[in-house]
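Visitor: Structure incoming, see below.
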Amino acid sequence: MSALTIAGLCKAFGGLHVTNEVNLNIEPGERRLIIGPNGAGKTTLFNLITGEIMPDKGTINLFGRDITKVPSRRRPHLGMARTYQIITLFPHDTIIHNVALALLGLSPARWNPLTELRRQGHLIEHGRAALERVGLAQIAERQLAQTSYGERRRVEIAMALAQNPKVLLLDEPFAGLSIDERRDVHQCLMAIPRDVTIVMIEHNMDVALDFAERITLLHFGEVIVEGTRAEVVADPRTREVYLGH
Amino acid sequence: MSPRPIALAVVFVALATLPFWLTGDYYINVASQILFYAIFALGLNILAGYAGLVSLGHAALFGITAYALAYTAQAGFGHPIAILAALVAGLIAMAVFAVLSLRATGIGFIMITLALGEIVWGLAYRWISVTNGDNGINVHTRPMPFGFSLEPPAAFYYTTLIVFVISVAAVTMFVRSPLGVALMGTRDQPRRMNALGFHVWAIRFWACMLSGLLTAVSGVLFVYYTQFISPQTLELTSSAEVLLMVISGGAGTLLGPIVGSALVVIVKSVVSGYIERWNMLLGAIFVAIVILMPEGIVPGSARLWRLAWRKIGTSDKTVTAEGEP
């Protein structure tokens, strides 16, 4: 059974077809890279998969279950987590608070008005474990506003990992990072075990190509090329649309 | 020991002994007003401060509770039933307000609550067979819990103080609870919260209900205090006044609404005895707050205090730096 299957997915904003008959089949444990020029509809595809926008047509299956009509807030409970391209964290709180919120989102305790959040020991513990995985445990108590851009990217990843997802969607995890920071994030991603399926949008080919096994090239909302890393890189259409030379 | 618990203990002792050191029924009554308006402001602060949803319809909820109590009491039911009916009416009204206004956030939410508030005010004013129109409804007696009369100002003050302390404790617990923290998350990053698995609408709805409960409790105290309710209480200016309490004291803080309530009530009822144009004075105070500490009196004072300390600290350092050759 596939981890994520997308069939005939369409979305139009007015006359603009941002997603046009997209089919994707991603196997459990796979590392899939989605590339394409600006405006190719990559982030829109993520928003469709996570349910933040509803498709006009087509279906989305998560491990054989049709989730096309499942509200986006339910999808993390079914094992889907994502990071954002533009960082949307809680800047006035500590790093551990941010990660604890991610854990709280899946915990029945989120409805509890009668206890203190900091007394929810298991949330804090699991949050620390997630920060350990991205190498931020030693600065867990730091205010998010006092962290670097690269550290925030890793907080993003820690929040997604904390939810223990089966399918992880990463939207440009390397964007705007320095070489050192890229290496740190790359290490975090390589350390994610194979029981997590990863779909990643990325422009930075140096780090991304190394990570991905299969690549899908989107252009004007359509899948142009799909195949193994070598196939897609060698394909003349890839060069034409994307690599440029 | 940090200064904060000591300060809170001092304030609590001062409040608990207030009728002994503050002479005159008038001032004890002013203190009662500050406390029940503070409960109202705490309730509005749940939405305006912690949820980021500014309501201009809360005076209507306050008024519906007050009318429900007055109407039930006048119809001959005892005080316990009247209080219960009033709280239930306030909560039902809040639920209706919430379902209608939570379709929007930001300006949309403000406009819907404003419109709902005006509708309720219009009803209170025109539905004379129920509300007695402009003449209002009198509530002739105050309750006698355990045979203890609440007619003397000190007795009413202590009742209000007990309800106030419970309300502050409840709000303190709420804002530190997972649900309260989630509510603040929906204020700061609603889209993110949704993607993390939170039901943003439902969290906001429950916040509305807690806000509505505090508003209703405050409405009950109000109507027993004045023993009278008329459409004037439901006017937009009443909603705006409580919102000003929240914002001037510090929205999204625990102490802010209480300080704001004290400020507004004192200027309105005490200072107005000495200064005829007290409205202008209140306006000038608000302008000063907005200019000097836009985040409100409580966080603003804390900031200025820290700044002053740091100034002292750095000036000491410069002195030593200059002293060294």
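Residues in the structure tokens are numbered from 1 in each chain, the chains being A, B, ... in the order shown, and ligands are numbered from 1 in the order shown.
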Return as a ChimeraX atom specification the residues belonging to chain A that are within 10 Å of chain B, counting only C-alpha atoms.
Guide: /A:50-52,71-78,80-84,87-92,97-98,100-120,159-160,163
Visitor: I need the residues of stretch 8-241 of chain A that end up classed as alpha helix (DSSP H) by DSSP on the backbone, written out as a ChimeraX atom specification.
Guide: /A:42-50,95-104,121-133,149-162,179-190,205-211,229-234,236-238
Visitor: Extract, using only C-alpha atoms, all DNA, RNA and protein residues at most 12 Å from A:Asp66, discarding same-chain residues fewer than 3 positions from it, and format them as a PyMOL selection string.
Guide: chain A and resi 3-7+49+58-63+69-71+75+78
Visitor: Compare A:Val134, A:Ile215, A:Ala208, A:Cys10 by their minimum atom-to-atom distance to A:Ala234, counting only C-alpha atoms, and give me the closest one.
Guide: A:Ile215
Visitor: Using only C-alpha atoms, determine which residues lie at most 7 Å from stretch 64-73 of chain B, disregarding the query and same-chain residues fewer than 6 positions distant; provide the list as an MDAnalysis selection string.
Guide: chainID B and resid 79 82:83 85:87 89:90 137:139 216 219:220 223 229
Visitor: Next, the residues of the selection above should be written as a compact mmCIF listing (two decimals), in the first residue's frame with N, CA and C atoms.
Guide:
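Below you can see again-v1.txt, which holds the result:
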```
# COMPACT_ATOMS: atom_id res chain seq x y z
N HIS B 79 -34.51 34.45 44.77
CA HIS B 79 -33.22 34.89 44.24
C HIS B 79 -32.37 33.76 43.65
N ALA B 82 -33.64 33.11 40.27
CA ALA B 82 -33.42 34.28 39.42
C ALA B 82 -31.96 34.35 38.97
N ILE B 83 -31.04 34.08 39.90
CA ILE B 83 -29.60 34.14 39.56
C ILE B 83 -29.27 33.07 38.54
N ALA B 85 -31.33 31.58 36.43
CA ALA B 85 -31.95 31.93 35.14
C ALA B 85 -31.12 33.00 34.44
N ALA B 86 -30.63 33.95 35.22
CA ALA B 86 -29.85 35.04 34.62
C ALA B 86 -28.56 34.51 34.01
N LEU B 87 -27.86 33.63 34.74
CA LEU B 87 -26.60 33.09 34.22
C LEU B 87 -26.85 32.26 32.96
N ALA B 89 -29.38 32.55 30.89
CA ALA B 89 -29.75 33.46 29.80
C ALA B 89 -28.49 34.11 29.22
N GLY B 90 -27.58 34.54 30.09
CA GLY B 90 -26.34 35.16 29.62
C GLY B 90 -25.52 34.21 28.78
N ILE B 137 -36.51 48.21 34.93
CA ILE B 137 -37.12 47.32 35.92
C ILE B 137 -36.36 47.47 37.24
N ASN B 138 -37.11 47.57 38.32
CA ASN B 138 -36.50 47.62 39.64
C ASN B 138 -36.37 46.22 40.21
N VAL B 139 -35.31 46.01 40.96
CA VAL B 139 -35.16 44.79 41.74
C VAL B 139 -35.21 45.25 43.20
N ALA B 216 -21.66 37.46 32.63
CA ALA B 216 -22.96 37.21 33.27
C ALA B 216 -22.85 37.34 34.79
N GLY B 219 -22.77 40.80 35.56
CA GLY B 219 -24.10 41.38 35.36
C GLY B 219 -25.02 41.15 36.54
N VAL B 220 -24.93 39.95 37.13
CA VAL B 220 -25.74 39.63 38.31
C VAL B 220 -25.37 40.57 39.47
N VAL B 223 -26.69 44.15 38.82
CA VAL B 223 -28.12 44.43 38.98
C VAL B 223 -28.51 44.38 40.46
N ILE B 229 -32.39 48.06 36.29
CA ILE B 229 -31.79 47.85 34.98
C ILE B 229 -32.60 48.59 33.93
```
Visitor: Give me, as a short mmCIF file (atom, residue, chain, number, x, y, z; two decimals) with C-alpha atoms, in the first residue's frame, the residues of stretch 143-196 of chain A that a backbone DSSP run labels strand (DSSP E).
Guide:
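Contents of the output file out_6.cif:
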```cif
data_model
loop_
_atom_site.label_atom_id
_atom_site.label_comp_id
_atom_site.auth_asym_id
_atom_site.auth_seq_id
_atom_site.Cartn_x
_atom_site.Cartn_y
_atom_site.Cartn_z
CA VAL A 167 4.15 11.31 6.16
CA LEU A 168 6.23 14.47 6.57
CA LEU A 169 5.89 17.36 4.12
CA LEU A 170 8.84 19.76 4.10
CA ASP A 171 8.35 23.06 2.30
#
```
Visitor: List as a ChimeraX atom specification the protein and nucleic acid residues near A:Glu141, meaning an atom at most 7 Å away when only C-alpha atoms are counted, but skip any in the same chain fewer than 3 places from it.
Guide: /A:94-96
